[in-house]
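Chemist: Dropping in entry-v1.cif, which is mmCIF, C-alpha atoms:
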```cif
data_entry
loop_
_atom_site.group_PDB
_atom_site.id
_atom_site.type_symbol
_atom_site.label_atom_id
_atom_site.label_comp_id
_atom_site.auth_asym_id
_atom_site.auth_seq_id
_atom_site.Cartn_x
_atom_site.Cartn_y
_atom_site.Cartn_z
ATOM 1 C CA LEU A 52 8.236 52.836 48.230
ATOM 2 C CA ARG A 53 7.198 50.420 45.526
ATOM 3 C CA CYS A 54 10.781 50.273 44.274
ATOM 4 C CA HIS A 55 12.015 49.394 47.762
ATOM 5 C CA HIS A 56 9.375 46.675 48.100
ATOM 6 C CA TRP A 57 10.381 45.213 44.736
ATOM 7 C CA LEU A 58 14.063 45.212 45.649
ATOM 8 C CA ASP A 59 13.274 43.587 48.975
ATOM 9 C CA PHE A 60 11.248 40.885 47.175
ATOM 10 C CA GLN A 61 14.095 40.215 44.730
ATOM 11 C CA ALA A 62 16.592 39.920 47.541
ATOM 12 C CA TYR A 63 14.269 37.580 49.438
ATOM 13 C CA GLU A 64 13.772 35.402 46.346
ATOM 14 C CA ARG A 65 17.513 35.100 45.700
ATOM 15 C CA ALA A 66 18.136 34.246 49.332
ATOM 16 C CA THR A 67 15.389 31.603 49.250
ATOM 17 C CA MET A 68 16.857 30.017 46.115
ATOM 18 C CA ARG A 69 20.367 29.953 47.589
ATOM 19 C CA GLU A 70 19.018 28.336 50.742
ATOM 20 C CA ALA A 71 17.090 25.755 48.728
ATOM 21 C CA TYR A 72 20.138 24.809 46.685
ATOM 22 C CA ARG A 73 22.255 24.620 49.820
ATOM 23 C CA LYS A 74 19.820 22.242 51.559
ATOM 24 C CA GLY A 75 19.146 20.199 48.434
ATOM 25 C CA ARG A 76 15.439 21.059 48.220
ATOM 26 C CA PRO A 77 13.921 20.983 44.686
ATOM 27 C CA ILE A 78 13.043 24.281 43.055
ATOM 28 C CA ARG A 79 9.933 24.502 40.936
ATOM 29 C CA SER A 80 10.932 26.377 37.826
ATOM 30 C CA LEU A 81 10.840 26.199 34.057
ATOM 31 C CA GLU A 82 14.123 24.317 34.132
ATOM 32 C CA ARG A 83 12.336 21.204 35.355
ATOM 33 C CA VAL A 84 9.786 21.519 32.558
ATOM 34 C CA PHE A 85 12.545 21.841 29.970
ATOM 35 C CA LEU A 86 14.320 18.810 31.382
ATOM 36 C CA LEU A 87 11.148 16.749 31.147
ATOM 37 C CA LEU A 88 10.581 17.876 27.565
ATOM 38 C CA ALA A 89 14.159 16.991 26.626
ATOM 39 C CA PHE A 90 13.778 13.545 28.173
ATOM 40 C CA PHE A 91 10.516 13.019 26.293
ATOM 41 C CA ALA A 92 12.184 14.046 23.022
ATOM 42 C CA VAL A 93 14.985 11.519 23.570
ATOM 43 C CA VAL A 94 12.475 8.730 24.256
ATOM 44 C CA VAL A 95 10.441 9.567 21.135
ATOM 45 C CA THR A 96 13.564 9.759 18.956
ATOM 46 C CA PHE A 97 14.761 6.391 20.222
ATOM 47 C CA GLY A 98 11.344 4.863 19.557
ATOM 48 C CA LEU A 99 11.252 6.164 15.996
ATOM 49 C CA HIS A 100 14.762 4.903 15.417
ATOM 50 C CA LYS A 101 13.708 1.426 16.510
ATOM 51 C CA THR A 102 10.558 1.511 14.382
ATOM 52 C CA VAL A 103 12.120 2.645 11.124
ATOM 53 C CA THR A 104 15.684 1.539 10.502
ATOM 54 C CA LYS A 105 17.530 1.737 7.229
ATOM 55 C CA HIS A 106 20.143 -0.890 6.594
ATOM 56 C CA ASP A 107 23.317 -0.090 4.748
ATOM 57 C CA SER A 108 23.460 -1.647 1.298
ATOM 58 C CA ALA A 109 27.173 -1.177 0.650
ATOM 59 C CA SER A 110 28.081 -4.702 1.742
ATOM 60 C CA SER A 111 26.330 -6.462 -1.153
ATOM 61 C CA SER A 112 24.688 -5.785 -4.498
ATOM 62 C CA SER A 113 22.837 -9.069 -5.023
ATOM 63 C CA TRP A 114 19.140 -8.966 -5.804
ATOM 64 C CA PHE A 115 16.744 -10.058 -3.051
ATOM 65 C CA TYR A 116 19.511 -10.212 -0.467
ATOM 66 C CA PRO A 117 17.652 -10.626 2.862
ATOM 67 C CA GLY A 118 17.241 -7.263 4.511
ATOM 68 C CA LEU A 119 19.320 -5.413 1.914
ATOM 69 C CA GLY A 120 18.280 -1.794 2.046
ATOM 70 C CA ALA A 121 14.887 -2.727 3.419
ATOM 71 C CA ILE A 122 12.872 -0.395 5.598
ATOM 72 C CA ARG A 123 12.127 -2.105 8.880
ATOM 73 C CA ARG A 124 8.739 -0.947 10.100
ATOM 74 C CA LYS A 125 6.053 -2.328 12.325
ATOM 75 C CA GLU A 126 3.519 -4.183 10.235
ATOM 76 C CA THR A 127 0.095 -2.635 10.168
ATOM 77 C CA ARG A 128 -3.186 -4.020 8.982
ATOM 78 C CA LEU A 129 -4.394 -0.585 7.943
ATOM 79 C CA TYR A 130 -2.222 -0.050 4.860
ATOM 80 C CA VAL A 131 -1.603 -2.879 2.397
ATOM 81 C CA PRO A 132 1.075 -2.070 -0.221
ATOM 82 C CA SER A 133 0.790 -3.474 -3.716
ATOM 83 C CA PRO A 134 3.059 -6.447 -4.533
ATOM 84 C CA ALA A 135 5.443 -4.282 -6.564
ATOM 85 C CA GLU A 136 5.552 -1.585 -3.873
ATOM 86 C CA HIS A 137 6.336 -4.221 -1.249
ATOM 87 C CA THR A 138 9.172 -5.572 -3.419
ATOM 88 C CA LEU A 139 10.591 -2.089 -3.912
ATOM 89 C CA MET A 140 10.528 -1.267 -0.216
ATOM 90 C CA GLN A 141 12.240 -4.531 0.701
ATOM 91 C CA ASN A 142 15.041 -4.104 -1.863
ATOM 92 C CA LEU A 143 15.904 -0.411 -1.790
ATOM 93 C CA GLY A 144 19.609 -1.120 -1.504
ATOM 94 C CA ALA A 145 19.769 -3.546 -4.419
ATOM 95 C CA LEU A 146 17.872 -1.033 -6.548
ATOM 96 C CA GLY A 147 20.334 1.741 -5.716
ATOM 97 C CA TYR A 148 17.990 3.962 -3.719
ATOM 98 C CA ASN A 149 20.146 4.094 -0.582
ATOM 99 C CA THR A 150 22.616 6.805 -1.600
ATOM 100 C CA GLY A 151 24.884 9.226 0.182
ATOM 101 C CA ASN A 152 24.217 12.893 0.665
ATOM 102 C CA ASP A 153 26.143 13.803 -2.490
ATOM 103 C CA ALA A 154 24.493 11.233 -4.783
ATOM 104 C CA ASN A 155 21.095 11.021 -6.414
ATOM 105 C CA ALA A 156 19.217 7.832 -7.235
ATOM 106 C CA SER A 157 17.408 7.489 -10.541
ATOM 107 C CA GLY A 158 13.656 7.131 -10.249
ATOM 108 C CA CYS A 159 13.254 6.101 -13.881
ATOM 109 C CA ASP A 160 15.830 3.359 -14.562
ATOM 110 C CA ILE A 161 13.627 0.589 -13.171
ATOM 111 C CA TRP A 162 10.895 1.459 -15.689
ATOM 112 C CA TYR A 163 13.177 0.770 -18.682
ATOM 113 C CA LEU A 164 13.937 -2.902 -17.977
ATOM 114 C CA GLU A 165 10.612 -4.381 -19.091
ATOM 115 C CA ASN A 166 12.034 -5.764 -22.352
ATOM 116 C CA ASN A 167 15.650 -6.104 -21.251
ATOM 117 C CA THR A 168 16.937 -9.617 -21.997
ATOM 118 C CA THR A 169 20.208 -9.313 -20.105
ATOM 119 C CA ALA A 170 19.038 -7.825 -16.805
ATOM 120 C CA ASN A 171 18.269 -9.828 -13.687
ATOM 121 C CA ALA A 172 14.993 -11.743 -14.096
ATOM 122 C CA SER A 173 13.607 -10.351 -10.840
ATOM 123 C CA LEU A 174 14.326 -6.797 -11.983
ATOM 124 C CA VAL A 175 12.623 -7.475 -15.306
ATOM 125 C CA LYS A 176 9.574 -8.900 -13.491
ATOM 126 C CA LEU A 177 9.389 -5.813 -11.291
ATOM 127 C CA SER A 178 9.687 -3.530 -14.314
ATOM 128 C CA LYS A 179 6.885 -5.426 -16.049
ATOM 129 C CA ASP A 180 4.637 -4.941 -13.027
ATOM 130 C CA LEU A 181 5.381 -1.222 -12.936
ATOM 131 C CA ASN A 182 4.686 -0.772 -16.640
ATOM 132 C CA ALA A 183 1.448 -2.751 -16.371
ATOM 133 C CA PHE A 184 0.344 -0.247 -13.741
ATOM 134 C CA ARG A 185 1.485 2.600 -16.001
ATOM 135 C CA ARG A 186 -0.738 1.446 -18.863
ATOM 136 C CA GLU A 187 -3.692 0.920 -16.529
ATOM 137 C CA LEU A 188 -3.131 4.370 -15.057
ATOM 138 C CA ALA A 189 -3.586 5.895 -18.518
ATOM 139 C CA THR A 190 -6.920 4.068 -18.833
ATOM 140 C CA TYR A 191 -7.983 5.254 -15.375
ATOM 141 C CA ALA A 192 -7.194 8.886 -16.227
ATOM 142 C CA ARG A 193 -9.244 8.638 -19.419
ATOM 143 C CA VAL A 194 -12.206 7.067 -17.591
ATOM 144 C CA VAL A 195 -12.114 9.802 -14.935
ATOM 145 C CA ARG A 196 -12.116 12.518 -17.588
ATOM 146 C CA GLU A 197 -15.071 10.886 -19.356
ATOM 147 C CA PHE A 198 -17.069 10.215 -16.186
ATOM 148 C CA ALA A 199 -20.349 12.130 -16.368
ATOM 149 C CA GLY A 200 -20.710 12.370 -12.601
ATOM 150 C CA VAL A 201 -23.940 12.080 -10.629
ATOM 151 C CA SER A 202 -26.747 14.545 -10.172
ATOM 152 C CA GLY A 203 -27.714 15.942 -6.808
ATOM 153 C CA ASP A 204 -26.224 15.384 -3.377
ATOM 154 C CA LEU A 205 -25.625 11.696 -2.650
ATOM 155 C CA ARG A 206 -25.934 12.300 1.087
ATOM 156 C CA GLN A 207 -29.645 12.974 0.613
ATOM 157 C CA ASN A 208 -30.072 9.383 -0.609
ATOM 158 C CA LEU A 209 -28.153 7.777 2.261
ATOM 159 C CA THR A 210 -29.719 6.355 5.407
ATOM 160 C CA ASP A 211 -28.413 5.599 8.893
ATOM 161 C CA HIS A 212 -29.687 2.029 9.037
ATOM 162 C CA ASP A 213 -29.699 0.413 5.562
ATOM 163 C CA VAL A 214 -26.093 -0.436 4.625
ATOM 164 C CA ALA A 215 -27.090 -2.377 1.505
ATOM 165 C CA HIS A 216 -29.059 0.600 0.236
ATOM 166 C CA ASN A 217 -26.117 2.933 0.843
ATOM 167 C CA HIS A 218 -23.803 0.612 -1.087
ATOM 168 C CA GLU A 219 -26.148 0.692 -4.051
ATOM 169 C CA VAL A 220 -26.234 4.483 -3.911
ATOM 170 C CA CYS A 221 -22.435 4.628 -3.886
ATOM 171 C CA ARG A 222 -22.136 2.216 -6.800
ATOM 172 C CA GLN A 223 -23.014 5.186 -9.000
ATOM 173 C CA LEU A 224 -19.447 6.344 -8.389
ATOM 174 C CA ASP A 225 -17.831 3.116 -9.566
ATOM 175 C CA LEU A 226 -15.820 3.805 -12.703
ATOM 176 C CA HIS A 227 -16.075 0.153 -13.777
ATOM 177 C CA PRO A 228 -18.628 -2.618 -13.117
ATOM 178 C CA ASN A 229 -15.922 -4.437 -11.154
ATOM 179 C CA GLY A 230 -14.733 -1.305 -9.385
ATOM 180 C CA LEU A 231 -11.136 -0.137 -9.608
ATOM 181 C CA LEU A 232 -9.915 -3.714 -9.938
ATOM 182 C CA GLY A 233 -11.647 -3.751 -13.307
ATOM 183 C CA ILE A 234 -9.406 -0.885 -14.417
ATOM 184 C CA PHE A 235 -6.258 -2.162 -12.656
ATOM 185 C CA PRO A 236 -6.369 -5.937 -13.260
ATOM 186 C CA SER A 237 -2.623 -6.241 -12.601
ATOM 187 C CA GLY A 238 -3.415 -5.904 -8.892
ATOM 188 C CA GLN A 239 -0.819 -3.190 -8.341
ATOM 189 C CA LEU A 240 -3.050 -0.883 -6.322
ATOM 190 C CA SER A 241 -2.336 -0.373 -2.646
ATOM 191 C CA SER A 242 -5.246 -0.273 -0.246
ATOM 192 C CA PHE A 243 -6.551 0.623 3.178
ATOM 193 C CA GLN A 244 -8.399 -2.045 5.113
ATOM 194 C CA SER A 245 -10.168 0.638 7.115
ATOM 195 C CA GLY A 246 -12.729 0.925 4.295
ATOM 196 C CA SER A 247 -11.128 3.833 2.450
ATOM 197 C CA GLY A 248 -10.567 1.653 -0.595
ATOM 198 C CA PHE A 249 -7.680 1.627 -3.044
ATOM 199 C CA VAL A 250 -4.935 4.203 -3.566
ATOM 200 C CA GLU A 251 -1.998 4.574 -5.927
ATOM 201 C CA PRO A 252 1.142 2.646 -4.932
ATOM 202 C CA LEU A 253 4.336 4.464 -3.974
ATOM 203 C CA PHE A 254 6.546 3.978 -7.019
ATOM 204 C CA PRO A 255 9.595 5.985 -8.049
ATOM 205 C CA PRO A 256 9.922 8.730 -9.134
ATOM 206 C CA MET A 257 7.019 9.581 -6.763
ATOM 207 C CA ARG A 258 5.402 11.452 -9.644
ATOM 208 C CA HIS A 259 3.445 10.495 -12.742
ATOM 209 C CA PRO A 260 5.396 7.651 -14.414
ATOM 210 C CA GLU A 261 5.092 9.403 -17.780
ATOM 211 C CA THR A 262 7.714 11.790 -16.414
ATOM 212 C CA CYS A 263 10.177 9.046 -17.396
ATOM 213 C CA PHE A 264 8.769 8.723 -20.924
ATOM 214 C CA PRO A 265 8.771 12.140 -22.630
ATOM 215 C CA ARG A 266 8.119 11.962 -26.354
ATOM 216 C CA ASP A 267 8.410 15.050 -28.576
ATOM 217 C CA ASN A 268 9.384 18.123 -26.607
ATOM 218 C CA TYR A 269 11.433 16.554 -23.836
ATOM 219 C CA ALA A 270 11.670 19.485 -21.424
ATOM 220 C CA GLN A 271 8.059 20.607 -21.891
ATOM 221 C CA GLU A 272 6.577 17.128 -21.456
ATOM 222 C CA GLU A 273 8.788 16.342 -18.480
ATOM 223 C CA ILE A 274 7.553 19.459 -16.668
ATOM 224 C CA LEU A 275 3.958 18.736 -17.717
ATOM 225 C CA HIS A 276 3.986 15.223 -16.265
ATOM 226 C CA LEU A 277 6.080 16.269 -13.280
ATOM 227 C CA MET A 278 3.266 18.553 -12.139
ATOM 228 C CA SER A 279 0.408 16.252 -13.191
ATOM 229 C CA PRO A 280 -1.802 14.860 -10.391
ATOM 230 C CA GLU A 281 -3.250 12.173 -12.680
ATOM 231 C CA TYR A 282 -1.096 9.467 -11.101
ATOM 232 C CA LEU A 283 -3.227 9.744 -7.945
ATOM 233 C CA VAL A 284 -5.947 7.107 -7.677
ATOM 234 C CA HIS A 285 -9.201 7.834 -5.862
ATOM 235 C CA ASP A 286 -11.679 5.148 -4.859
ATOM 236 C CA PHE A 287 -14.746 7.360 -5.037
ATOM 237 C CA ALA A 288 -17.238 4.578 -4.271
ATOM 238 C CA ALA A 289 -15.310 3.538 -1.146
ATOM 239 C CA MET A 290 -15.155 7.155 0.004
ATOM 240 C CA CYS A 291 -18.900 7.430 -0.536
ATOM 241 C CA ARG A 292 -19.516 4.384 1.655
ATOM 242 C CA GLN A 293 -17.841 6.250 4.522
ATOM 243 C CA LEU A 294 -20.416 9.041 4.317
ATOM 244 C CA LYS A 295 -23.488 9.487 6.469
ATOM 245 C CA PRO A 296 -26.578 11.628 5.857
ATOM 246 C CA THR A 297 -25.196 14.088 8.439
ATOM 247 C CA SER A 298 -21.675 14.284 6.948
ATOM 248 C CA ARG A 299 -20.450 17.812 6.374
ATOM 249 C CA ILE A 300 -18.307 19.338 3.671
ATOM 250 C CA VAL A 301 -15.062 20.785 5.029
ATOM 251 C CA PHE A 302 -12.989 23.084 2.828
#
```
Could you write out this structure as structure tokens?
Modeler:
Amino acid sequence: LRCHHWLDFQAYERATMREAYRKGRPIRSLERVFLLLAFFAVVVTFGLHKTVTKHDSASSSSWFYPGLGAIRRKETRLYVPSPAEHTLMQNLGALGYNTGNDANASGCDIWYLENNTTANASLVKLSKDLNAFRRELATYARVVREFAGVSGDLRQNLTDHDVAHNHEVCRQLDLHPNGLLGIFPSGQLSSFQSGSGFVEPLFPPMRHPETCFPRDNYAQEEILHLMSPEYLVHDFAAMCRQLKPTSRIVF
């Protein structure tokens, strides 16, 4: 009996669908949902394509050619790239970073032009800025290793109403009397205007720059620096100023 009822229901459903298609009435089914999702995906893809567009650099190799290999992106006030990072991002094509699928760009060549007397002056200036950051990064890593830390839980000394007091509490985490700018006077740190402080700039090879400068044992040092996180810059005092007495630790 149940089997007959089920077969009757199936036959009724098929007949209803055929009638709906014949009369042009819409059918509520998963197909409509999938169509809407596909349309949404197309809209999102088109929007991303308009926001970030890479320009082909094959037409010219001149330095600082307007728009050559630049990444077109909507300007944001939240992230402020360092001067050298901004220059890199606006001249990716001239620097040889826009390559085909079967070619690899060198992340180290730009670091070797600091004392080059025959290279383009703008390239030499960029290399000098990168190497200034590299030397400051070594100082930062040493200061972090030697930092004694603070005793107790800083959140217990913070208040909900006295901002000046909280800033003084967080100054204990400053690695230099002038903050990170005292360690990176070249001004090559990127930053967040949301109050999160300074961060490391995005420089090739997107790893510790010492990866490009192995000394004794080439392979061993290259792997050592390739895996090193010491190129990451943390603005501990700025992070502290984002805390509240009720902030929780999340692992």
Chemist: Do you have the CA of Cys221 (chain A)-CA of Leu209 (chain A) distance handy?
Modeler: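 Atom-to-atom, CA of Cys221 (chain A) to CA of Leu209 (chain A), that is 9.0 Å.
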Chemist: Report, in Å to a single decimal, how far apart CA of Phe243 (chain A) and CA of Asn149 (chain A) are.
Modeler: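 Between CA of Asn149 (chain A) and CA of Phe243 (chain A) the gap is 27.2 Å.
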Chemist: At what distance in Å, to one decimal, does CA of Gln244 (chain A) lie from CA of Cys291 (chain A)?
Modeler: 15.2 Å
Chemist: Give as a list in words the residues that the PyMOL selection byres ((chain A and resi 287) around 9) matches when applied to the coordinates above.
Modeler: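 Written out, the selection comes to Cys221, Leu224, Asp225, Leu226, Gly248, His285, Asp286, Ala288, Ala289, Met290, Cys291 and Arg292 of chain A.
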Chemist: Residues as selected, C-alpha atoms, written as a compact mmCIF listing (two decimals), in the coordinates of the input, can you do that?
Modeler:
```txt
# COMPACT_ATOMS: atom_id res chain seq x y z
CA CYS A 221 -22.44 4.63 -3.89
CA LEU A 224 -19.45 6.34 -8.39
CA ASP A 225 -17.83 3.12 -9.57
CA LEU A 226 -15.82 3.80 -12.70
CA GLY A 248 -10.57 1.65 -0.60
CA HIS A 285 -9.20 7.83 -5.86
CA ASP A 286 -11.68 5.15 -4.86
CA ALA A 288 -17.24 4.58 -4.27
CA ALA A 289 -15.31 3.54 -1.15
CA MET A 290 -15.16 7.16 0.00
CA CYS A 291 -18.90 7.43 -0.54
CA ARG A 292 -19.52 4.38 1.66
```
Chemist: Give me the residues near Tyr148 (chain A) as a compact mmCIF listing (two decimals) with C-alpha atoms, in the frame of the given file, where near means some atom within 9 Å (using all atoms listed in the file) and where sequence neighbours in that chain fewer than 4 positions away do not count.
Modeler:
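File written: result.txt
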```txt
# COMPACT_ATOMS: atom_id res chain seq x y z
CA GLY A 120 18.28 -1.79 2.05
CA ASN A 142 15.04 -4.10 -1.86
CA LEU A 143 15.90 -0.41 -1.79
CA GLY A 144 19.61 -1.12 -1.50
CA ASN A 155 21.10 11.02 -6.41
CA ALA A 156 19.22 7.83 -7.24
CA SER A 157 17.41 7.49 -10.54
CA GLY A 158 13.66 7.13 -10.25
```
Chemist: What does the PyMOL selection byres ((chain A and resi 130) around 6) select in this file, as a list in words?
Modeler: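 Matching residues under the PyMOL selection byres ((chain A and resi 130) around 6) are Arg128, Leu129, Val131, Ser242 and Phe243 of chain A.
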Chemist: Take the residues from that selection and put them in a file with C-alpha atoms, as a short mmCIF file (atom, residue, chain, number, x, y, z; two decimals), keeping the file's coordinate frame.
Modeler:
```cif
data_model
loop_
_atom_site.label_atom_id
_atom_site.label_comp_id
_atom_site.auth_asym_id
_atom_site.auth_seq_id
_atom_site.Cartn_x
_atom_site.Cartn_y
_atom_site.Cartn_z
CA ARG A 128 -3.19 -4.02 8.98
CA LEU A 129 -4.39 -0.58 7.94
CA VAL A 131 -1.60 -2.88 2.40
CA SER A 242 -5.25 -0.27 -0.25
CA PHE A 243 -6.55 0.62 3.18
#
```
Chemist: Box in all listed atoms of region 188-191 of chain A, axis-aligned, with 3 Å more on each side; write out centre and edge lengths in Å to one decimal as lines of an AutoDock Vina configuration file.
Modeler:
```
center_x = -5.6
center_y = 5.0
center_z = -16.9
size_x = 10.9
size_y = 7.8
size_z = 9.8
```
Chemist: Could you check the closest approach to Pro236 (chain A) for each of A:Ser279, A:Asn152, A:Thr210, A:Thr190 and tell me which residue wins, using all atoms listed in the file?
Modeler: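 Of A:Ser279, A:Asn152, A:Thr210, A:Thr190, the one nearest Pro236 (chain A), counting all atoms listed in the file, is A:Thr190.
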Chemist: Please evaluate the PyMOL selection byres ((chain A and resi 252-255) around 10) against the displayed coordinates and give the resulting residues as a VMD selection string.
Modeler: chain A and resid 131 to 137 139 to 140 148 156 to 162 181 184 239 to 242 249 to 251 256 to 260 263 282 to 284
Chemist: What would region 196-224 of chain A look like with N, CA and C atoms in place, written as a compact mmCIF listing (two decimals), in the coordinates of the input?
Modeler:
```txt
# COMPACT_ATOMS: atom_id res chain seq x y z
N ARG A 196 -11.78 11.34 -16.78
CA ARG A 196 -12.12 12.52 -17.59
C ARG A 196 -13.47 12.36 -18.27
N GLU A 197 -13.82 11.13 -18.64
CA GLU A 197 -15.07 10.89 -19.36
C GLU A 197 -16.25 10.62 -18.43
N PHE A 198 -15.99 10.53 -17.13
CA PHE A 198 -17.07 10.22 -16.19
C PHE A 198 -18.05 11.38 -16.12
N ALA A 199 -19.33 11.07 -16.31
CA ALA A 199 -20.35 12.13 -16.37
C ALA A 199 -20.72 12.65 -14.99
N GLY A 200 -20.36 11.94 -13.94
CA GLY A 200 -20.71 12.37 -12.60
C GLY A 200 -22.13 11.96 -12.24
N VAL A 201 -22.59 12.38 -11.09
CA VAL A 201 -23.94 12.08 -10.63
C VAL A 201 -24.66 13.40 -10.34
N SER A 202 -25.94 13.34 -10.41
CA SER A 202 -26.75 14.54 -10.17
C SER A 202 -27.20 14.59 -8.72
N GLY A 203 -27.25 15.78 -8.18
CA GLY A 203 -27.71 15.94 -6.81
C GLY A 203 -26.67 15.60 -5.76
N ASP A 204 -27.09 15.65 -4.52
CA ASP A 204 -26.22 15.38 -3.38
C ASP A 204 -26.47 13.96 -2.91
N LEU A 205 -25.47 13.10 -3.02
CA LEU A 205 -25.62 11.70 -2.65
C LEU A 205 -26.01 11.52 -1.18
N ARG A 206 -25.63 12.43 -0.34
CA ARG A 206 -25.93 12.30 1.09
C ARG A 206 -27.44 12.30 1.34
N GLN A 207 -28.19 12.93 0.44
CA GLN A 207 -29.64 12.97 0.61
C GLN A 207 -30.29 11.61 0.35
N ASN A 208 -29.55 10.72 -0.33
CA ASN A 208 -30.07 9.38 -0.61
C ASN A 208 -29.57 8.32 0.37
N LEU A 209 -28.70 8.72 1.30
CA LEU A 209 -28.15 7.78 2.26
C LEU A 209 -29.04 7.69 3.50
N THR A 210 -28.96 6.56 4.17
CA THR A 210 -29.72 6.36 5.41
C THR A 210 -28.75 5.95 6.52
N ASP A 211 -29.24 5.98 7.74
CA ASP A 211 -28.41 5.60 8.89
C ASP A 211 -28.52 4.11 9.23
N HIS A 212 -29.42 3.39 8.60
CA HIS A 212 -29.69 2.03 9.04
C HIS A 212 -29.61 0.98 7.93
N ASP A 213 -29.67 1.38 6.66
CA ASP A 213 -29.70 0.41 5.56
C ASP A 213 -28.36 0.45 4.82
N VAL A 214 -27.42 -0.41 5.22
CA VAL A 214 -26.09 -0.44 4.62
C VAL A 214 -26.15 -0.88 3.17
N ALA A 215 -26.98 -1.89 2.88
CA ALA A 215 -27.09 -2.38 1.50
C ALA A 215 -27.59 -1.28 0.57
N HIS A 216 -28.54 -0.50 1.04
CA HIS A 216 -29.06 0.60 0.24
C HIS A 216 -27.97 1.63 -0.02
N ASN A 217 -27.19 1.96 1.00
CA ASN A 217 -26.12 2.93 0.84
C ASN A 217 -25.07 2.45 -0.15
N HIS A 218 -24.77 1.15 -0.14
CA HIS A 218 -23.80 0.61 -1.09
C HIS A 218 -24.31 0.75 -2.51
N GLU A 219 -25.59 0.54 -2.71
CA GLU A 219 -26.15 0.69 -4.05
C GLU A 219 -26.09 2.15 -4.50
N VAL A 220 -26.33 3.06 -3.58
CA VAL A 220 -26.23 4.48 -3.91
C VAL A 220 -24.81 4.83 -4.33
N CYS A 221 -23.84 4.30 -3.61
CA CYS A 221 -22.44 4.63 -3.89
C CYS A 221 -21.90 3.93 -5.13
N ARG A 222 -22.59 2.89 -5.59
CA ARG A 222 -22.14 2.22 -6.80
C ARG A 222 -22.22 3.14 -8.02
N GLN A 223 -22.96 4.22 -7.91
CA GLN A 223 -23.01 5.19 -9.00
C GLN A 223 -21.64 5.82 -9.26
N LEU A 224 -20.77 5.74 -8.27
CA LEU A 224 -19.45 6.34 -8.39
C LEU A 224 -18.39 5.35 -8.85
```
